[in-house]
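Take a look at the structure set out below.
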Amino acid sequence: MTETTAHSMQDRLPPFLRVTARRWVKVYRGISAMSWLFTDLFTRLMIAQAFFRSGLVKLADWDTALLLATYEYPVSWMTPQNAALTGILIELIGPVLLVIGFQTRIASLAMAVLLVVSQAVYVPTTSNLFLIALLGWYAVAGPGSLSFDRMFSRGLKASALPLARRAVELGEASGRHVAPLWMLVIRLWITLSLLAAAQLFDPGVGLATWLAATTFDEIPAVAAIALAVPLVLGLGTPVVAFLLVLAVGLVMVAGLHPDIILYPILLLALFEARGPGFASLDVAIERWFDRNVLFDRNYGDIPESWPHVVIVGAGFGGLAATNRLKQLPLRITLIDRCNYHLFQPLLYQVATATLNPADIAIPIRSLFRDDGNVRVIMGEVKSIDPQAQCLVHDDGKRLSYDKLILATGASHSYFGQDQWGKFAPGLKRVEDAVAVRAAILGAFEQAEASSDAERIRRLLNFVIVGGGATGVELAGAIAELAKVNVSREFRSIDPASAHVVLVQSAARILPGFPEVLSDKARQSLERLGVEVLTNSRVTAIAGDHVEIGKDRRIETETVLWAAGVVASPAGQWLGCEADQAGRIAVDEHLRVLGHEHIFAIGDTASCLAWNGQPVPGLAPAAKQEGVHVAKLIEAELKSKILPAPFAYNHKGSLATIGRRAAVADLGWLKLSGAPAWWLWGVVHIGFLSGLRNRATVVINWLWSYFAESAGVRLITERGTST
């Protein structure tokens, strides 16, 4: 089929069918990939426990193991002692390697050979057959993502270890070419077993030893044949596998075949997750969908008739919109000035030496590597031409759009005192966090090297301006860094004598929280030694001091800004009116007023959709707005009724104070102290993107918590990380 024919066929599909088909195929593939992640690990565990248990029994009774190797299943070319020892080693070492996914192919092959020998010369069982089929799969395909083999494969491929590259490439080629062939073999084997169970032919004693007919004996003959036909054709294989799982499961529950255990179900689950292999109608149908519906192979193959959605900003709102829209027949361009998505709520932990920048950031391209209709551009928007429906980025490059979503976030606001910026950095970017980390750690280092008592006192004063969540979290983290993490590492100074001051212009810190939680947070900060100044306004900031009101001057060289933000210049790009914070006015569907095809979400939009109050600048709010705009575009694409106006659903607010305390306002539940701290940790881990980031953050937190040490205390040149 030519590209033109495919495009014309795509264009002839009704919009509703086109959208629905693409979405559900994408959803199914996503669910299948996610389910295999855990099914693979569970399968390896179940196989391993069977072998390991057998190995332990033989190790505990060597005489019996030797007797079995001599008389029950002797190996002609090995002595009984060597055969018994080899079998025990395979049964003990192989399962461990299989579970952790290290040298999985070699371990699986060894265990499979052991079972083949047992099946051929000892007591044949159907359990052995299903285990051989599963181990054969791992021998040719390797383990899933939760394994050392997969984690180390890229590094080994690029390493200087002898034969490492060839071994990895051989494994990858086996997974691409041999694994589908093995799935075909298993499919045919199960088909023959079903037909034998339906008594369509007599396999004879020899063949019956290698068929699993007894597993399917209780399935009615008509049903067995009805399942065998689509299975041999590879048509609807996941559905057939699911029906067989139900049938085998019912037989197991009924206890009609006590020898039937979990392995048949695990093997059938393999078909649901990995497909039918070579020579199947399912693969042909899947390729047709790839060419005519999904277009995930090549961005250039996507029909020009697909609407083009441009999303500016890869923050929480931009990613939420992209993740929903990518399932639709749309061309999507995601443009951001950085090549990574940053989890800003944990940026202060980079600034206070708990986490690395890479722990809370993930490359944008890696998030959409399997979505051919999403193109990522690293660039900075300069202007927008609403009449021509295009934007200009970088050096005059133009990008046309059918729909434009502005999710450009916010930057620091110094309330008209922009000259303070060079003395009081804020936290919005990775570069900011690394620079702040250098300033905080540098203050201790300079104090250690100084002999001027007045300078030392000034260096050990830290002032945070702004008593919102960021300011409170920064103050608590700096206090703990000084009093716990580095308290025993200096000789000339006592880091615990550092004085942390939190300045808040309002009557209380965390004004968005209930008053009782604000008081709890203040008490937690004061227990850490933080001085909290409320109803206090900063009037001047210089390189060596801060002035508060008319009568308070704090000598300090480290001032951090957490007092206010201003939206991106998106309003200037459009030439439309914005509020004092630079946010653009939008309608009930987050559409920019006066611009039918342009939407604004997150900190870019001025939206009154929460009890008549502005939507807060929180990650959940931006995500909800991104999803709403995506739903609106989808409804227009399907020519369906538009969704209800956007209404922000407030899930709650969280703020942490050091390593043992936090406050949580969930509306119906208000927590403080350790319970709120654990809740805060769980929620933030859940919001992180990428399994690696989640695992790394958990490990770093546990290390910091139990070892009372911040492990990323690097002062890098010019505030850049290495």
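Order determines the names: the first chain of the structure tokens is A, the second B, and so forth; residues in each chain are numbered 1 upward, and ligands are numbered 1 upward as they are shown.
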*Excluding same-chain residues fewer than 5 positions from range 634-637 of chain A, what lies within 9 Å of it counting only C-alpha atoms, as a ChimeraX atom specification?*
/A:15-16,19,307,325,328-329,629,642-643
*Within 12 Å of range 168-171 of chain A, counting only C-alpha atoms, which residues qualify if same-chain residues fewer than 3 places away don't, as a ChimeraX atom specification?*
/A:103-106,138-143,149-159,161-165,174-179
*Running DSSP on the backbone, which parts of range 397-639 of chain A land in alpha helix (DSSP H), as number ranges by chain?*
A: 430-449, 453-459, 469-480, 515-527, 570-574, 619-638
*8 Å contact set for Gly673 in chain A, only C-alpha atoms, chain neighbours under 6 positions out, as a list in words*: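 That gives Arg660, Ala661, Ala662 and Val663 of chain A.
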*asked:* Just want the 12 Å neighbourhood of Ser280 in chain A, counted on only C-alpha atoms, with same-chain residues fewer than 6 positions away dropped. Output as a VMD selection string.
replied: chain A and resid 180 to 181 183 to 185 187 to 188 229 to 237 286 to 287
*Near Gly275 in chain A, counting only C-alpha atoms, which residues have an atom at most 8 Å away, once you skip same-chain residues fewer than 3 positions from it, shown as JSON, numbers by chain?*
{"A": [183, 237, 238, 270, 271, 272, 282, 283]}
